[in-house]
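The data block below is final_9.txt; it holds compact mmCIF, C-alpha atoms.
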```
# COMPACT_ATOMS: atom_id res chain seq x y z
CA MET E 1 0.00 0.00 0.00
CA SER E 2 1.18 3.52 -0.73
CA SER E 3 -0.12 6.80 0.63
CA LEU E 4 0.48 10.52 0.62
CA SER E 5 -0.81 13.48 2.63
CA THR E 6 -1.56 17.13 2.01
CA PRO E 7 -1.13 19.74 4.75
CA ALA E 8 -4.04 20.76 6.94
CA THR E 9 -6.01 23.81 5.81
CA GLY E 10 -8.06 24.44 8.94
CA GLY E 11 -11.26 23.93 6.95
CA PRO E 12 -13.31 20.75 6.55
CA GLU E 13 -12.69 17.53 8.44
CA PRO E 14 -9.49 15.67 7.45
CA LEU E 15 -10.06 12.95 4.90
CA LEU E 16 -8.77 9.46 4.18
CA LEU E 17 -9.02 9.00 0.43
CA LEU E 18 -9.33 5.32 -0.54
CA LEU E 19 -8.57 5.03 -4.23
CA ASP E 20 -9.55 1.97 -6.21
CA PRO E 21 -6.63 1.30 -8.59
CA ALA E 22 -9.10 0.11 -11.22
CA ALA E 23 -10.73 3.56 -11.19
CA ARG E 24 -7.49 5.11 -12.41
CA GLN E 25 -7.44 2.64 -15.29
CA THR E 26 -11.09 3.24 -16.15
CA ASP E 27 -11.05 7.06 -15.94
CA GLY E 28 -7.75 8.47 -14.71
CA GLU E 29 -8.75 12.03 -15.58
CA SER E 30 -11.80 11.94 -13.28
CA VAL E 31 -9.64 10.52 -10.49
CA ARG E 32 -7.09 13.33 -10.94
CA ILE E 33 -9.79 16.02 -10.94
CA ALA E 34 -11.42 14.64 -7.80
CA LYS E 35 -8.09 14.43 -5.99
CA ASP E 36 -7.23 18.01 -6.94
CA VAL E 37 -10.55 19.34 -5.61
CA LEU E 38 -10.34 17.35 -2.37
CA CYS E 39 -6.66 18.11 -1.73
CA GLY E 40 -7.34 21.78 -2.35
CA GLY E 41 -10.06 21.93 0.26
CA ALA E 42 -9.02 19.64 3.11
CA ASP E 43 -6.19 17.78 4.80
CA VAL E 44 -6.13 14.61 2.71
CA LYS E 45 -4.29 11.32 3.06
CA VAL E 46 -4.46 9.17 -0.08
CA ALA E 47 -4.18 5.39 0.26
CA TYR E 48 -4.07 2.61 -2.32
CA PRO E 49 -4.82 -0.58 -0.34
CA GLU E 50 -3.88 -3.69 -2.29
CA SER E 51 -5.31 -6.39 -0.01
CA PRO E 52 -8.16 -6.80 2.48
CA SER E 53 -5.68 -6.71 5.37
CA GLU E 54 -4.25 -3.39 4.14
CA LEU E 55 -7.76 -1.96 3.84
CA ASP E 56 -8.50 -3.04 7.41
CA ARG E 57 -5.22 -1.57 8.63
CA VAL E 58 -5.56 1.82 6.95
CA LEU E 59 -9.14 2.19 8.19
CA SER E 60 -8.28 1.19 11.75
CA HIS E 61 -5.46 3.79 11.81
CA ARG E 62 -7.39 6.63 10.18
CA GLY E 63 -7.80 8.61 13.40
CA ARG E 64 -10.18 11.55 12.83
CA ARG E 65 -10.12 11.22 9.06
CA ARG E 66 -13.39 10.62 7.25
CA PRO E 67 -13.24 7.76 4.72
CA VAL E 68 -13.78 8.83 1.10
CA VAL E 69 -14.02 6.31 -1.72
CA ILE E 70 -13.02 7.07 -5.31
CA GLY E 71 -14.31 4.17 -7.34
CA SER E 72 -17.33 2.00 -8.02
CA ASP E 73 -20.31 0.76 -6.03
CA LEU E 74 -18.28 -2.32 -5.17
CA ALA E 75 -15.46 -0.18 -3.75
CA LEU E 76 -17.94 1.62 -1.49
CA GLN E 77 -19.54 -1.65 -0.43
CA ARG E 78 -16.17 -3.13 0.56
CA VAL E 79 -15.25 -0.12 2.65
CA LEU E 80 -18.59 -0.31 4.47
CA GLN E 81 -18.01 -4.04 4.91
CA ALA E 82 -14.64 -3.39 6.55
CA LEU E 83 -16.04 -0.64 8.78
CA TYR E 84 -18.93 -2.88 9.84
CA ARG E 85 -16.48 -5.67 10.66
CA GLN E 86 -14.48 -3.22 12.80
CA ARG E 87 -17.69 -1.93 14.47
CA GLU E 88 -16.84 1.55 13.20
CA LEU E 89 -19.53 1.92 10.57
CA GLY E 90 -21.48 4.73 12.20
CA ALA E 91 -18.51 6.57 13.67
CA ASP E 92 -18.00 8.94 10.71
CA PRO E 93 -19.94 9.71 7.54
CA VAL E 94 -18.48 8.29 4.35
CA GLY E 95 -17.85 10.23 1.17
CA MET E 96 -17.84 8.95 -2.39
CA VAL E 97 -16.67 10.15 -5.78
CA PRO E 98 -18.11 7.63 -8.27
CA VAL E 99 -15.66 6.58 -11.00
CA GLY E 100 -16.33 3.61 -13.24
CA ARG E 101 -18.60 2.34 -15.95
CA ALA E 102 -22.29 3.23 -15.80
CA ASN E 103 -23.35 -0.26 -14.72
CA GLU E 104 -20.84 -0.11 -11.85
CA LEU E 105 -22.37 3.06 -10.39
CA VAL E 106 -26.07 2.24 -10.21
CA THR E 107 -26.20 2.18 -6.40
CA ALA E 108 -24.31 5.47 -6.07
CA ARG E 109 -26.77 7.20 -8.40
CA GLY E 110 -29.70 5.77 -6.46
CA LEU E 111 -28.27 7.11 -3.19
CA GLY E 112 -28.02 10.63 -4.63
CA VAL E 113 -24.26 10.88 -5.12
CA PRO E 114 -23.43 13.38 -7.92
CA GLY E 115 -22.21 11.63 -11.04
CA GLU E 116 -19.46 14.09 -12.02
CA PRO E 117 -16.15 14.33 -10.12
CA VAL E 118 -16.26 18.02 -9.21
CA PRO E 119 -19.81 18.09 -7.72
CA ALA E 120 -19.14 14.78 -5.96
CA ALA E 121 -15.90 16.07 -4.45
CA ARG E 122 -17.59 19.29 -3.36
CA ALA E 123 -20.31 17.25 -1.65
CA VAL E 124 -17.56 15.50 0.32
CA LEU E 125 -16.10 18.85 1.39
CA SER E 126 -19.25 20.83 2.13
CA GLY E 127 -22.15 18.39 1.99
CA VAL E 128 -24.25 17.09 4.83
CA PRO E 129 -24.34 13.51 6.14
CA ARG E 130 -27.52 11.57 5.51
CA LYS E 131 -28.26 8.54 7.65
CA LEU E 132 -29.05 5.47 5.53
CA ASP E 133 -30.22 1.94 6.22
CA LEU E 134 -28.09 -1.12 5.56
CA LEU E 135 -28.87 -4.76 4.83
CA VAL E 136 -26.68 -7.07 6.92
CA ASP E 137 -26.68 -10.83 6.48
CA ASP E 138 -25.90 -13.53 9.02
CA GLY E 139 -22.63 -14.24 7.24
CA GLY E 140 -21.35 -10.72 7.95
CA GLY E 141 -22.01 -9.34 4.47
CA VAL E 142 -23.59 -5.96 3.77
CA ALA E 143 -25.68 -4.56 0.95
CA LEU E 144 -26.40 -0.89 0.32
CA GLY E 145 -29.34 -1.22 -2.03
CA GLY E 146 -30.62 -4.74 -2.29
CA VAL E 147 -30.27 -8.45 -2.88
CA ARG E 148 -31.59 -10.61 -5.69
CA ILE E 149 -31.94 -14.39 -5.88
CA SER E 150 -32.83 -15.81 -9.27
CA GLY E 151 -33.79 -19.35 -10.19
CA ALA E 152 -30.82 -19.50 -12.57
CA GLY E 153 -28.36 -18.67 -9.76
CA ALA E 154 -25.98 -15.75 -9.46
CA ARG E 155 -24.56 -14.59 -12.78
CA ARG E 156 -20.83 -14.90 -13.36
CA VAL E 157 -19.31 -11.45 -13.79
CA VAL E 158 -16.38 -10.91 -16.13
CA GLY E 159 -13.66 -8.76 -14.60
CA ARG E 160 -12.60 -5.42 -16.04
CA THR E 161 -9.62 -5.47 -18.37
CA GLY E 162 -6.51 -4.70 -16.39
CA GLY E 163 -8.49 -4.25 -13.19
CA TRP E 164 -7.47 -7.40 -11.35
CA ARG E 165 -4.85 -5.58 -9.30
CA SER E 166 -7.69 -3.77 -7.59
CA LEU E 167 -8.66 -4.95 -4.11
CA TRP E 168 -12.31 -4.58 -5.04
CA ALA E 169 -11.94 -6.74 -8.14
CA LYS E 170 -10.02 -9.41 -6.20
CA LEU E 171 -12.78 -9.59 -3.60
CA ALA E 172 -15.48 -9.78 -6.27
CA ALA E 173 -13.65 -12.61 -8.02
CA ALA E 174 -13.32 -14.51 -4.75
CA GLU E 175 -17.09 -14.34 -4.24
CA GLN E 176 -18.15 -15.32 -7.76
CA ALA E 177 -20.74 -18.06 -7.58
CA THR E 178 -20.86 -21.27 -9.57
CA PRO E 179 -24.04 -21.08 -11.70
CA LEU E 180 -26.83 -23.06 -10.05
CA THR E 181 -29.54 -25.02 -11.76
CA SER E 182 -33.13 -25.74 -10.85
CA ASP E 183 -33.53 -27.67 -7.59
CA GLY E 184 -29.78 -28.11 -7.17
CA GLY E 185 -29.38 -30.18 -10.37
CA ALA E 186 -26.04 -30.59 -12.14
CA ALA E 187 -24.99 -27.91 -14.62
CA GLY E 188 -26.52 -28.54 -17.99
CA GLY E 189 -28.95 -31.08 -16.61
CA ALA E 190 -31.99 -28.88 -16.32
CA GLY E 191 -34.55 -28.84 -19.07
CA ARG E 192 -34.78 -25.93 -21.44
CA GLY E 193 -36.62 -22.98 -19.90
CA GLU E 194 -36.27 -24.18 -16.31
CA HIS E 195 -35.22 -21.20 -14.23
CA SER E 196 -36.75 -21.90 -10.83
CA SER E 197 -35.38 -22.96 -7.47
CA ARG E 198 -36.96 -24.71 -4.50
CA LEU E 199 -36.66 -22.12 -1.76
CA ARG E 200 -38.30 -21.45 1.60
CA VAL E 201 -38.75 -17.71 2.19
CA GLU E 202 -39.88 -16.21 5.50
CA ALA E 203 -40.31 -12.52 6.31
CA ASP E 204 -40.49 -11.69 10.02
CA GLY E 205 -41.52 -15.29 10.58
CA LYS E 206 -44.32 -15.20 7.97
CA LEU E 207 -44.05 -17.81 5.23
CA LEU E 208 -43.93 -16.29 1.72
CA ALA E 209 -42.78 -19.34 -0.23
CA ASP E 210 -42.09 -23.00 0.50
CA VAL E 211 -40.00 -25.67 -1.19
CA HIS E 212 -43.02 -27.45 -2.65
CA ARG E 213 -43.46 -24.60 -5.17
CA PRO E 214 -40.66 -23.38 -7.47
CA VAL E 215 -39.50 -19.78 -7.05
CA ARG E 216 -38.24 -17.82 -10.03
CA ALA E 217 -36.84 -14.83 -8.16
CA VAL E 218 -36.62 -13.18 -4.75
CA GLN E 219 -35.92 -9.45 -4.71
CA VAL E 220 -35.04 -7.62 -1.48
CA THR E 221 -34.61 -3.84 -1.59
CA LEU E 222 -34.23 -0.99 0.85
CA PRO E 223 -36.96 1.57 0.17
CA GLY E 224 -36.12 5.22 -0.37
CA GLY E 225 -37.87 8.47 0.42
CA GLU E 226 -39.74 8.72 3.70
CA ALA E 227 -39.21 5.00 4.37
CA VAL E 228 -35.47 5.50 4.93
CA GLY E 229 -34.72 4.83 8.59
CA ALA E 230 -37.97 2.93 9.15
CA GLY E 231 -36.09 -0.35 9.57
CA VAL E 232 -37.98 -2.23 6.86
CA MET E 233 -37.13 -3.85 3.54
CA GLU E 234 -39.36 -4.53 0.58
CA ILE E 235 -39.57 -8.16 -0.52
CA VAL E 236 -40.93 -9.50 -3.81
CA VAL E 237 -41.20 -13.25 -4.44
CA ARG E 238 -41.95 -14.34 -8.01
CA ALA E 239 -43.22 -17.84 -8.69
CA PRO E 240 -44.98 -19.35 -11.72
CA GLY E 241 -48.42 -17.78 -11.68
CA ALA E 242 -47.91 -15.92 -8.41
CA LEU E 243 -46.42 -12.71 -7.05
CA VAL E 244 -46.02 -12.04 -3.32
CA ARG E 245 -45.02 -8.69 -1.82
CA ALA E 246 -44.17 -7.91 1.80
CA ARG E 247 -42.40 -5.45 4.06
CA ALA E 248 -40.37 -6.76 6.99
CA ALA E 249 -37.37 -6.12 9.21
CA SER E 250 -35.76 -9.45 8.30
CA VAL E 251 -36.05 -12.14 5.66
CA SER E 252 -34.72 -15.70 5.70
CA VAL E 253 -34.16 -17.87 2.63
CA ALA E 254 -33.23 -21.56 2.66
CA GLY E 255 -32.76 -24.16 -0.05
CA ARG E 256 -30.49 -26.91 -1.36
CA GLY E 257 -28.02 -24.31 -2.57
CA PHE E 258 -28.50 -20.91 -4.17
CA GLY E 259 -26.42 -17.98 -5.28
CA TYR E 260 -27.47 -14.37 -4.95
CA GLU E 261 -26.39 -10.89 -5.93
CA ALA E 262 -25.74 -8.21 -3.31
CA ASP E 263 -25.81 -4.79 -5.00
CA GLY E 264 -25.35 -6.63 -8.30
CA HIS E 265 -22.28 -8.61 -7.23
CA PRO E 266 -22.41 -12.43 -7.00
CA VAL E 267 -22.14 -14.29 -3.71
CA GLY E 268 -22.55 -17.95 -2.85
CA PRO E 269 -23.77 -20.55 -3.31
CA VAL E 270 -25.17 -20.97 0.21
CA ARG E 271 -27.86 -23.17 1.75
CA ALA E 272 -29.42 -20.53 3.98
CA ARG E 273 -29.14 -16.80 4.54
CA THR E 274 -30.93 -14.23 6.68
CA TRP E 275 -30.88 -10.49 5.98
CA THR E 276 -31.78 -7.87 8.58
CA VAL E 277 -32.28 -4.14 8.17
CA HIS E 278 -30.03 -1.95 10.32
CA PRO E 279 -31.80 1.43 10.26
CA GLY E 280 -29.60 4.52 10.00
CA ALA E 281 -26.50 2.35 10.27
CA TRP E 282 -24.22 4.59 8.22
CA GLY E 283 -23.93 8.13 6.97
CA LEU E 284 -23.21 9.32 3.42
CA LEU E 285 -22.04 12.83 2.57
CA LEU E 286 -24.47 14.31 0.04
CA PRO E 287 -24.99 17.80 -1.41
CA ALA E 288 -26.73 20.21 0.95
CA VAL E 289 -30.27 20.95 -0.26
```
Go through the file and emit its structure as structure tokens.
Amino acid sequence: MSSLSTPATGGPEPLLLLLDPAARQTDGESVRIAKDVLCGGADVKVAYPESPSELDRVLSHRGRRRPVVIGSDLALQRVLQALYRQRELGADPVGMVPVGRANELVTARGLGVPGEPVPAARAVLSGVPRKLDLLVDDGGGVALGGVRISGAGARRVVGRTGGWRSLWAKLAAAEQATPLTSDGGAAGGAGRGEHSSRLRVEADGKLLADVHRPVRAVQVTLPGGEAVGAGVMEIVVRAPGALVRARAASVSVAGRGFGYEADGHPVGPVRARTWTVHPGAWGLLLPAV
């Protein structure tokens, strides 16, 4: 890991800038612009963690510095994951300057982070923290926006060209799921058009689906607007000829083996998983209204 610091200016809170190396390869100019704006307005330490242990170490030694991510949704998710693991998630608001391809920044856009480097960096310097909910699973994973389970299993994601040196890309590759088939069958053994799994789904103890009926998809999302902070998630279960909707504080899914996507990134396969809403668990620096 390498790092550098700029002198204190006496202005905004000091910052710890966590730069995804893949972001520099995707859009080095946006990274440079964001760094210039942030370094010109605050005391900034820039770090390039190259392993999970280095990310943990730099976060645990950040002192008063607010974490700021330059990178993709996955980069932000991994920083929140590390902070949650260290029980430091709510200690300081987190900033983000989104850099990456459009499909890698869907969550950031949904949370209200400006899409251009200059407005995003200014929001870090002079914005206001907004408390947001978080989905936490019983395996210690976190999701900012939602989770999806499909009957076809989690999709295999192809890594970015030249991006495998990135910590975020390494972690995503480690969690890629083997494609699952209907009812736990061997790959290639399912009949054409079969895209269902035998899953048991319970929301706050209420049964939404059972293994006797195939499930095509389970979608879990954190609602926005006035529902933020209410401690509930929205659950949609799709089955052949049926659609079930519910709101709950927790949801449990069990089956012979299923993969899922957390914020669009594959995890699993697992045999059971429970997600719980942690209301107002973390703060994100957003433009002042």
Polymer residues at most 8 Å from stretch 200-210 of chain E, all atoms listed in the file, same-chain spacing of 2 or more positions, as a list of chain:residue names: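 What passes the distance filter is E:Arg198, E:His212, E:Arg213, E:Val215, E:Val237, E:Val244, E:Ala246, E:Arg247, E:Ala248, E:Ala249, E:Ser250, E:Val251, E:Ser252, E:Val253, E:Ala254, E:Gly255.
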In Å, how far is it from atom CA of E:Ala34 to atom CA of E:Val97?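 About the pair atom CA of E:Ala34 and atom CA of E:Val97: they are 7.2 Å apart.
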Just checking: using all atoms listed in the file, which residue out of E:Asp36, E:Glu234, E:Asp137, E:Glu54 ends up closest to E:Pro117?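 Result for the nearest residue to E:Pro117: E:Asp36.
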Which of E:Gly259, E:Pro266, E:Gly28, E:Gly231 sits closest to E:Leu135 [using only C-alpha atoms]: E:Gly231
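If you look at atom CA of E:Asp27 and atom CA of E:Trp282, they are 27.6 Å away from each other.
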For E:Ala288: contacts at 8 Å, all atoms listed in the file, fewer than 2 positions along chain excluded, given as a PyMOL selection string: chain E and resi 123+126-128+286
Pick the closest to E:Leu74 from E:Ala120, E:Ala108, E:Leu132, E:Val218: which is it, counting all atoms listed in the file? E:Ala108
Could you give me, as number ranges by chain, the residues within 8 Å of stretch 141-149 of chain E, counting all atoms listed in the file and dropping anything in the same chain fewer than 5 positions from it? E: 77, 80-81, 107, 133-136, 154, 217-222, 258-264
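Our summary of the geometry notes that atom CA of E:Ala42 is positioned 18.2 Å from atom CA of E:Leu59.
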So that I can look at just that part, could you write stretch 232-246 of chain E with N, CA and C atoms, as a PDB file, in the first residue's frame?
```
ATOM      1  N   VAL E 232     -37.276  -1.209   7.617  1.00  0.00           N
ATOM      2  CA  VAL E 232     -37.981  -2.233   6.860  1.00  0.00           C
ATOM      3  C   VAL E 232     -37.354  -2.380   5.484  1.00  0.00           C
ATOM      4  N   MET E 233     -37.521  -3.578   4.919  1.00  0.00           N
ATOM      5  CA  MET E 233     -37.127  -3.848   3.543  1.00  0.00           C
ATOM      6  C   MET E 233     -38.365  -4.245   2.759  1.00  0.00           C
ATOM      7  N   GLU E 234     -38.286  -4.099   1.458  1.00  0.00           N
ATOM      8  CA  GLU E 234     -39.360  -4.532   0.578  1.00  0.00           C
ATOM      9  C   GLU E 234     -38.956  -5.849  -0.071  1.00  0.00           C
ATOM     10  N   ILE E 235     -39.859  -6.826  -0.027  1.00  0.00           N
ATOM     11  CA  ILE E 235     -39.569  -8.163  -0.520  1.00  0.00           C
ATOM     12  C   ILE E 235     -40.582  -8.525  -1.598  1.00  0.00           C
ATOM     13  N   VAL E 236     -40.083  -9.014  -2.722  1.00  0.00           N
ATOM     14  CA  VAL E 236     -40.932  -9.496  -3.807  1.00  0.00           C
ATOM     15  C   VAL E 236     -40.506 -10.923  -4.133  1.00  0.00           C
ATOM     16  N   VAL E 237     -41.453 -11.858  -4.081  1.00  0.00           N
ATOM     17  CA  VAL E 237     -41.201 -13.251  -4.435  1.00  0.00           C
ATOM     18  C   VAL E 237     -42.009 -13.568  -5.692  1.00  0.00           C
ATOM     19  N   ARG E 238     -41.296 -13.989  -6.740  1.00  0.00           N
ATOM     20  CA  ARG E 238     -41.951 -14.340  -8.005  1.00  0.00           C
ATOM     21  C   ARG E 238     -41.911 -15.852  -8.192  1.00  0.00           C
ATOM     22  N   ALA E 239     -43.088 -16.418  -8.420  1.00  0.00           N
ATOM     23  CA  ALA E 239     -43.223 -17.838  -8.691  1.00  0.00           C
ATOM     24  C   ALA E 239     -44.126 -17.995  -9.909  1.00  0.00           C
ATOM     25  N   PRO E 240     -44.085 -19.140 -10.569  1.00  0.00           N
ATOM     26  CA  PRO E 240     -44.976 -19.345 -11.718  1.00  0.00           C
ATOM     27  C   PRO E 240     -46.436 -19.105 -11.340  1.00  0.00           C
ATOM     28  N   GLY E 241     -47.024 -18.088 -11.934  1.00  0.00           N
ATOM     29  CA  GLY E 241     -48.423 -17.781 -11.678  1.00  0.00           C
ATOM     30  C   GLY E 241     -48.703 -17.068 -10.380  1.00  0.00           C
ATOM     31  N   ALA E 242     -47.681 -16.589  -9.696  1.00  0.00           N
ATOM     32  CA  ALA E 242     -47.911 -15.923  -8.408  1.00  0.00           C
ATOM     33  C   ALA E 242     -46.871 -14.835  -8.174  1.00  0.00           C
ATOM     34  N   LEU E 243     -47.302 -13.808  -7.451  1.00  0.00           N
ATOM     35  CA  LEU E 243     -46.418 -12.707  -7.055  1.00  0.00           C
ATOM     36  C   LEU E 243     -46.775 -12.312  -5.631  1.00  0.00           C
ATOM     37  N   VAL E 244     -45.785 -12.353  -4.726  1.00  0.00           N
ATOM     38  CA  VAL E 244     -46.022 -12.035  -3.315  1.00  0.00           C
ATOM     39  C   VAL E 244     -45.153 -10.849  -2.937  1.00  0.00           C
ATOM     40  N   ARG E 245     -45.757  -9.865  -2.283  1.00  0.00           N
ATOM     41  CA  ARG E 245     -45.022  -8.686  -1.815  1.00  0.00           C
ATOM     42  C   ARG E 245     -45.168  -8.570  -0.303  1.00  0.00           C
ATOM     43  N   ALA E 246     -44.116  -8.081   0.348  1.00  0.00           N
ATOM     44  CA  ALA E 246     -44.169  -7.913   1.801  1.00  0.00           C
ATOM     45  C   ALA E 246     -43.155  -6.863   2.224  1.00  0.00           C
TER      46      ALA E 246
END
```
